[in-house]
>>> print(open('work.pdb').read())   # PDB, C-alpha atoms, pLDDT in the B column
ATOM      1  CA  MET A   1      18.273  19.151   3.488  1.00 58.00           C
ATOM      2  CA  PRO A   2      18.399  15.569   2.201  1.00 74.00           C
ATOM      3  CA  LEU A   3      16.144  14.594  -0.681  1.00 89.00           C
ATOM      4  CA  TYR A   4      14.573  11.723   1.297  1.00 95.00           C
ATOM      5  CA  SER A   5      13.546  11.608   4.963  1.00 97.00           C
ATOM      6  CA  ALA A   6      15.000   9.044   7.373  1.00 97.00           C
ATOM      7  CA  LYS A   7      11.595   7.286   7.369  1.00 97.00           C
ATOM      8  CA  VAL A   8      11.595   6.965   3.577  1.00 97.00           C
ATOM      9  CA  MET A   9      15.113   5.537   3.683  1.00 97.00           C
ATOM     10  CA  ASP A  10      14.198   3.135   6.496  1.00 98.00           C
ATOM     11  CA  HIS A  11      11.119   1.798   4.683  1.00 98.00           C
ATOM     12  CA  PHE A  12      13.132   1.535   1.448  1.00 97.00           C
ATOM     13  CA  ARG A  13      16.040  -0.328   3.070  1.00 97.00           C
ATOM     14  CA  ASN A  14      13.887  -2.426   5.415  1.00 98.00           C
ATOM     15  CA  PRO A  15      10.467  -2.691   3.774  1.00 98.00           C
ATOM     16  CA  ARG A  16       7.702  -4.191   5.910  1.00 98.00           C
ATOM     17  CA  ASN A  17       5.129  -6.721   4.692  1.00 98.00           C
ATOM     18  CA  VAL A  18       6.898  -7.685   1.459  1.00 98.00           C
ATOM     19  CA  GLY A  19       5.546 -10.702  -0.377  1.00 98.00           C
ATOM     20  CA  SER A  20       2.252 -12.179  -1.440  1.00 98.00           C
ATOM     21  CA  ILE A  21      -0.672 -13.864   0.319  1.00 98.00           C
ATOM     22  CA  GLU A  22      -1.943 -17.113  -1.134  1.00 96.00           C
ATOM     23  CA  ASN A  23      -5.729 -17.112  -1.470  1.00 96.00           C
ATOM     24  CA  ALA A  24      -5.856 -13.417  -0.561  1.00 98.00           C
ATOM     25  CA  ASP A  25      -9.316 -11.995   0.077  1.00 98.00           C
ATOM     26  CA  GLY A  26      -8.491  -8.997  -2.097  1.00 98.00           C
ATOM     27  CA  VAL A  27      -5.710  -8.201  -4.565  1.00 98.00           C
ATOM     28  CA  GLY A  28      -5.130  -4.811  -6.147  1.00 98.00           C
ATOM     29  CA  GLU A  29      -2.586  -4.023  -8.831  1.00 98.00           C
ATOM     30  CA  VAL A  30      -1.933  -0.563 -10.213  1.00 98.00           C
ATOM     31  CA  GLY A  31       0.774   0.967 -12.322  1.00 95.00           C
ATOM     32  CA  ASN A  32       2.101   4.269 -13.540  1.00 89.00           C
ATOM     33  CA  ALA A  33       2.863   4.202 -17.261  1.00 86.00           C
ATOM     34  CA  VAL A  34       5.087   7.290 -17.023  1.00 85.00           C
ATOM     35  CA  CYS A  35       7.613   5.943 -14.511  1.00 85.00           C
ATOM     36  CA  GLY A  36       6.943   2.217 -14.916  1.00 92.00           C
ATOM     37  CA  ASP A  37       6.180   1.600 -11.230  1.00 94.00           C
ATOM     38  CA  ILE A  38       3.856  -1.330 -10.516  1.00 97.00           C
ATOM     39  CA  MET A  39       2.324  -2.007  -7.101  1.00 97.00           C
ATOM     40  CA  LYS A  40       0.412  -5.093  -6.039  1.00 98.00           C
ATOM     41  CA  ILE A  41      -1.324  -5.269  -2.644  1.00 98.00           C
ATOM     42  CA  TYR A  42      -2.695  -8.461  -1.076  1.00 98.00           C
ATOM     43  CA  LEU A  43      -5.259  -8.337   1.742  1.00 98.00           C
ATOM     44  CA  LYS A  44      -6.482 -10.922   4.242  1.00 98.00           C
ATOM     45  CA  ILE A  45      -9.753  -9.712   5.768  1.00 98.00           C
ATOM     46  CA  ASP A  46     -11.603 -11.308   8.696  1.00 97.00           C
ATOM     47  CA  ASP A  47     -14.795  -9.808  10.150  1.00 95.00           C
ATOM     48  CA  ASP A  48     -14.177  -6.621   8.146  1.00 95.00           C
ATOM     49  CA  ILE A  49     -10.682  -6.176   9.674  1.00 98.00           C
ATOM     50  CA  ILE A  50      -7.475  -6.250   7.642  1.00 98.00           C
ATOM     51  CA  THR A  51      -5.678  -9.052   9.477  1.00 98.00           C
ATOM     52  CA  ASP A  52      -2.761  -9.317   7.053  1.00 98.00           C
ATOM     53  CA  VAL A  53      -1.386  -7.296   4.173  1.00 98.00           C
ATOM     54  CA  LYS A  54       1.550  -7.865   1.838  1.00 98.00           C
ATOM     55  CA  PHE A  55       2.896  -6.009  -1.172  1.00 98.00           C
ATOM     56  CA  GLU A  56       5.016  -6.559  -4.239  1.00 98.00           C
ATOM     57  CA  THR A  57       6.330  -3.376  -5.808  1.00 97.00           C
ATOM     58  CA  PHE A  58       8.439  -2.948  -8.898  1.00 96.00           C
ATOM     59  CA  GLY A  59       9.659   0.608  -8.745  1.00 95.00           C
ATOM     60  CA  CYS A  60      11.890   3.228  -7.217  1.00 94.00           C
ATOM     61  CA  GLY A  61      12.761   3.692  -3.558  1.00 95.00           C
ATOM     62  CA  SER A  62       9.829   6.061  -3.020  1.00 96.00           C
ATOM     63  CA  ALA A  63       7.403   3.487  -4.428  1.00 97.00           C
ATOM     64  CA  ILE A  64       8.785   0.767  -2.156  1.00 97.00           C
ATOM     65  CA  ALA A  65       8.746   3.082   0.894  1.00 98.00           C
ATOM     66  CA  SER A  66       5.176   4.202   0.108  1.00 98.00           C
ATOM     67  CA  SER A  67       3.997   0.579  -0.215  1.00 98.00           C
ATOM     68  CA  SER A  68       5.712  -0.411   3.014  1.00 98.00           C
ATOM     69  CA  MET A  69       4.355   2.535   5.013  1.00 98.00           C
ATOM     70  CA  ALA A  70       0.829   2.158   3.603  1.00 98.00           C
ATOM     71  CA  THR A  71       0.689  -1.539   4.555  1.00 98.00           C
ATOM     72  CA  GLU A  72       1.830  -0.683   8.083  1.00 98.00           C
ATOM     73  CA  MET A  73      -0.873   1.984   8.317  1.00 98.00           C
ATOM     74  CA  ILE A  74      -3.758  -0.355   7.382  1.00 98.00           C
ATOM     75  CA  LYS A  75      -2.863  -3.584   9.209  1.00 98.00           C
ATOM     76  CA  GLY A  76      -5.393  -4.351  11.950  1.00 98.00           C
ATOM     77  CA  LYS A  77      -7.778  -1.620  10.821  1.00 98.00           C
ATOM     78  CA  PRO A  78     -11.422  -1.993   9.734  1.00 98.00           C
ATOM     79  CA  VAL A  79     -12.064  -1.847   5.981  1.00 97.00           C
ATOM     80  CA  SER A  80     -14.242   1.271   6.395  1.00 96.00           C
ATOM     81  CA  GLU A  81     -11.307   3.116   7.991  1.00 97.00           C
ATOM     82  CA  VAL A  82      -8.818   1.851   5.401  1.00 97.00           C
ATOM     83  CA  LEU A  83     -11.011   3.242   2.611  1.00 97.00           C
ATOM     84  CA  GLN A  84     -10.360   6.709   4.110  1.00 97.00           C
ATOM     85  CA  LEU A  85      -6.572   6.347   3.647  1.00 97.00           C
ATOM     86  CA  THR A  86      -5.165   9.085   1.428  1.00 97.00           C
ATOM     87  CA  ASN A  87      -1.877   9.452  -0.376  1.00 97.00           C
ATOM     88  CA  LYS A  88      -1.394  12.611   1.712  1.00 98.00           C
ATOM     89  CA  ALA A  89      -1.541  10.542   4.921  1.00 98.00           C
ATOM     90  CA  VAL A  90       1.034   8.105   3.504  1.00 98.00           C
ATOM     91  CA  THR A  91       3.312  10.993   2.483  1.00 98.00           C
ATOM     92  CA  GLU A  92       2.974  12.618   5.919  1.00 98.00           C
ATOM     93  CA  ALA A  93       3.717   9.306   7.669  1.00 98.00           C
ATOM     94  CA  LEU A  94       6.930   9.137   5.629  1.00 98.00           C
ATOM     95  CA  ASP A  95       7.808  12.713   6.694  1.00 98.00           C
ATOM     96  CA  GLY A  96       7.347  13.853   3.106  1.00 97.00           C
ATOM     97  CA  LEU A  97       8.352  12.875  -0.406  1.00 97.00           C
ATOM     98  CA  PRO A  98       9.963  15.002  -3.104  1.00 95.00           C
ATOM     99  CA  ALA A  99       7.300  16.594  -5.318  1.00 94.00           C
ATOM    100  CA  HIS A 100       8.268  14.492  -8.341  1.00 94.00           C
ATOM    101  CA  LYS A 101       7.773  11.322  -6.239  1.00 95.00           C
ATOM    102  CA  LEU A 102       4.317  12.089  -4.798  1.00 95.00           C
ATOM    103  CA  HIS A 103       2.748   9.823  -7.425  1.00 95.00           C
ATOM    104  CA  CYS A 104       4.267   6.865  -5.508  1.00 96.00           C
ATOM    105  CA  SER A 105       2.021   7.549  -2.512  1.00 96.00           C
ATOM    106  CA  VAL A 106      -0.940   7.885  -4.902  1.00 96.00           C
ATOM    107  CA  LEU A 107      -0.153   4.407  -6.259  1.00 97.00           C
ATOM    108  CA  ALA A 108      -0.160   2.988  -2.714  1.00 97.00           C
ATOM    109  CA  GLU A 109      -3.595   4.488  -2.036  1.00 97.00           C
ATOM    110  CA  GLU A 110      -4.944   3.265  -5.385  1.00 98.00           C
ATOM    111  CA  ALA A 111      -3.556  -0.271  -4.942  1.00 98.00           C
ATOM    112  CA  ILE A 112      -5.140  -0.616  -1.491  1.00 98.00           C
ATOM    113  CA  LYS A 113      -8.497   0.652  -2.761  1.00 98.00           C
ATOM    114  CA  ALA A 114      -8.288  -1.703  -5.763  1.00 98.00           C
ATOM    115  CA  ALA A 115      -7.617  -4.632  -3.382  1.00 98.00           C
ATOM    116  CA  ILE A 116     -10.652  -3.702  -1.258  1.00 98.00           C
ATOM    117  CA  GLU A 117     -12.774  -3.398  -4.412  1.00 97.00           C
ATOM    118  CA  ASP A 118     -11.574  -6.889  -5.411  1.00 98.00           C
ATOM    119  CA  TYR A 119     -12.496  -8.173  -1.935  1.00 97.00           C
ATOM    120  CA  TYR A 120     -16.024  -6.756  -2.272  1.00 96.00           C
ATOM    121  CA  LYS A 121     -16.422  -8.332  -5.728  1.00 96.00           C
ATOM    122  CA  LYS A 122     -15.249 -11.729  -4.446  1.00 94.00           C
ATOM    123  CA  SER A 123     -17.441 -11.613  -1.328  1.00 89.00           C
ATOM    124  CA  GLN A 124     -20.564 -10.847  -3.408  1.00 86.00           C
ATOM    125  CA  VAL A 125     -19.959 -13.990  -5.449  1.00 64.00           C
ATOM    126  CA  GLN A 126     -19.786 -16.290  -2.401  1.00 54.00           C
TER     127      GLN A 126
END
>>> encode(input="work.pdb", output="structure tokens")
Amino acid sequence: MPLYSAKVMDHFRNPRNVGSIENADGVGEVGNAVCGDIMKIYLKIDDDIITDVKFETFGCGSAIASSSMATEMIKGKPVSEVLQLTNKAVTEALDGLPAHKLHCSVLAEEAIKAAIEDYYKKSQVQ
């Protein structure tokens, strides 16, 4: 059995939603000191719906695939639903990750939640 699923390889080779959003409504950045992976998620939110999402990830193939899949999973969804996203759901959507790479899906979940937290902080100020 190959180490990585076809979905992981596809999202690694052809990542979706790469880049940044100028004047994003929420930005979340998280990192893993052990492996050095850094994930940054940008959200555009209109009427409580994630209308656009982009990511910048410095890390391994699993980190890039997790970021890509997670952004695909949340686009067009209400914030309340996106807050329910788990690293397990990201891993399942990728048809699994090797055990020593599961932290990559955790980073994706944490980065999205950090971006939503940032959005809430910014919207309270306005």
>>> residues_around(input="work.pdb", residues="Val53 in chain A", least_positions_apart="3", cutoff="9 Å", atoms="all atoms listed in the file", output="PyMOL selection string")
chain A and resi 17-21+24+41-45+50+71-72+74-75
>>> residues_around(input="work.pdb", residues="Lys88 in chain A", least_positions_apart="6", cutoff="12 Å", atoms="only C-alpha atoms", output="PyMOL selection string")
chain A and resi 66+70+94-97+99+102-109
>>> resolve_selection(input="work.pdb", expression="the PyMOL selection byres ((chain A and resi 28) around 7)", output="list in words")
Gly26, Val27, Glu29, Val30, Lys40, Ile41, Tyr42, Ala111, Ile112, Ala114, Ala115 and Asp118 of chain A
>>> axis_aligned_box(input="work.pdb", around="range 28-46 of chain A", padding_each_side="3 Å", output="JSON")
{"center_x": -2.0, "center_y": -2.0, "center_z": -4.3, "size_x": 25.2, "size_y": 24.6, "size_z": 32.0}
>>> atom_distance(input="work.pdb", atom1="CA of Ala33 in chain A", atom2="CA of His11 in chain A")
23.6 Å
>>> atom_distance(input="work.pdb", atom1="CA of Leu83 in chain A", atom2="CA of Lys113 in chain A")
6.5 Å
>>> closest_residue(input="work.pdb", among="A:Ala65, A:Asp48, A:Met73, A:Glu22", to="Ala6 in chain A", atoms="all atoms listed in the file")
A:Ala65
>>> resolve_selection(input="work.pdb", expression="the PyMOL selection byres ((chain A and resi 38) around 6)", output="VMD selection string")
chain A and resid 30 to 31 37 39 57 to 58
>>> closest_residue(input="work.pdb", among="A:Glu56, A:Asp46, A:Glu110, A:Glu92", to="Lys77 in chain A", atoms="all atoms listed in the file")
A:Asp46
>>> atom_distance(input="work.pdb", atom1="CA of Tyr4 in chain A", atom2="CA of Thr86 in chain A")
19.9 Å
>>> decode(input="work.pdb", residues="range 18-106 of chain A", atoms="C-alpha atoms", output="CSV table (one decimal), in the first residue's frame")
chain,number,residue,atom,x,y,z
A,18,VAL,CA,-3.1,28.9,-2.8
A,19,GLY,CA,-2.2,32.5,-2.1
A,20,SER,CA,-3.3,35.4,0.1
A,21,ILE,CA,-6.4,37.7,0.3
A,22,GLU,CA,-5.7,41.4,0.6
A,23,ASN,CA,-7.8,42.9,3.3
A,24,ALA,CA,-8.9,39.5,4.5
A,25,ASP,CA,-11.7,39.4,7.1
A,26,GLY,CA,-9.8,36.9,9.1
A,27,VAL,CA,-6.2,35.6,9.1
A,28,GLY,CA,-4.9,32.7,11.1
A,29,GLU,CA,-1.3,31.5,11.3
A,30,VAL,CA,-0.2,28.5,13.2
A,31,GLY,CA,3.0,26.5,13.3
A,32,ASN,CA,4.5,23.3,14.5
A,33,ALA,CA,7.9,23.8,16.2
A,34,VAL,CA,8.8,20.1,15.9
A,35,CYS,CA,8.5,19.8,12.1
A,36,GLY,CA,8.8,23.5,11.2
A,37,ASP,CA,5.5,23.6,9.3
A,38,ILE,CA,3.7,26.9,9.1
A,39,MET,CA,0.2,27.4,7.8
A,40,LYS,CA,-1.5,30.7,7.1
A,41,ILE,CA,-5.2,30.8,6.2
A,42,TYR,CA,-7.0,33.9,4.8
A,43,LEU,CA,-10.8,34.2,4.9
A,44,LYS,CA,-13.3,36.5,3.2
A,45,ILE,CA,-16.6,36.4,5.0
A,46,ASP,CA,-19.9,37.9,3.8
A,47,ASP,CA,-23.2,37.5,5.8
A,48,ASP,CA,-21.5,34.8,7.9
A,49,ILE,CA,-20.6,32.7,4.8
A,50,ILE,CA,-17.0,32.0,3.9
A,51,THR,CA,-17.0,33.4,0.3
A,52,ASP,CA,-13.3,33.0,-0.3
A,53,VAL,CA,-10.4,31.3,1.3
A,54,LYS,CA,-6.7,31.1,0.5
A,55,PHE,CA,-3.7,29.5,2.2
A,56,GLU,CA,0.1,29.8,2.3
A,57,THR,CA,1.8,26.8,3.8
A,58,PHE,CA,5.5,26.3,4.4
A,59,GLY,CA,5.8,22.6,5.0
A,60,CYS,CA,5.8,19.0,3.7
A,61,GLY,CA,3.4,17.5,1.2
A,62,SER,CA,1.0,16.4,3.9
A,63,ALA,CA,0.8,20.0,5.2
A,64,ILE,CA,0.1,21.4,1.7
A,65,ALA,CA,-2.5,18.7,1.0
A,66,SER,CA,-4.2,19.2,4.3
A,67,SER,CA,-4.3,23.0,3.7
A,68,SER,CA,-5.7,22.5,0.2
A,69,MET,CA,-8.4,20.0,1.3
A,70,ALA,CA,-9.4,22.0,4.3
A,71,THR,CA,-9.9,25.2,2.2
A,72,GLU,CA,-12.0,23.2,-0.3
A,73,MET,CA,-14.1,21.9,2.6
A,74,ILE,CA,-15.0,25.3,4.1
A,75,LYS,CA,-15.6,27.4,1.0
A,76,GLY,CA,-19.2,28.6,0.7
A,77,LYS,CA,-20.1,27.3,4.2
A,78,PRO,CA,-21.4,29.3,7.1
A,79,VAL,CA,-18.9,30.2,9.9
A,80,SER,CA,-20.9,28.2,12.5
A,81,GLU,CA,-20.5,25.0,10.3
A,82,VAL,CA,-16.8,25.7,9.6
A,83,LEU,CA,-16.1,25.9,13.4
A,84,GLN,CA,-17.2,22.3,13.6
A,85,LEU,CA,-14.4,21.2,11.1
A,86,THR,CA,-12.1,18.7,12.7
A,87,ASN,CA,-8.7,17.4,11.7
A,88,LYS,CA,-10.3,14.0,11.5
A,89,ALA,CA,-12.7,15.2,8.8
A,90,VAL,CA,-9.8,16.7,6.8
A,91,THR,CA,-7.8,13.4,7.2
A,92,GLU,CA,-10.8,11.3,6.0
A,93,ALA,CA,-11.4,13.6,3.1
A,94,LEU,CA,-7.8,13.0,2.0
A,95,ASP,CA,-8.4,9.2,2.4
A,96,GLY,CA,-6.0,9.1,5.3
A,97,LEU,CA,-2.6,10.3,6.3
A,98,PRO,CA,0.3,8.4,7.7
A,99,ALA,CA,0.2,8.5,11.5
A,100,HIS,CA,3.4,10.6,11.8
A,101,LYS,CA,1.7,13.2,9.5
A,102,LEU,CA,-1.6,13.6,11.3
A,103,HIS,CA,-0.4,16.7,12.9
A,104,CYS,CA,-0.6,18.4,9.4
A,105,SER,CA,-4.4,18.0,9.5
A,106,VAL,CA,-4.4,19.4,13.1
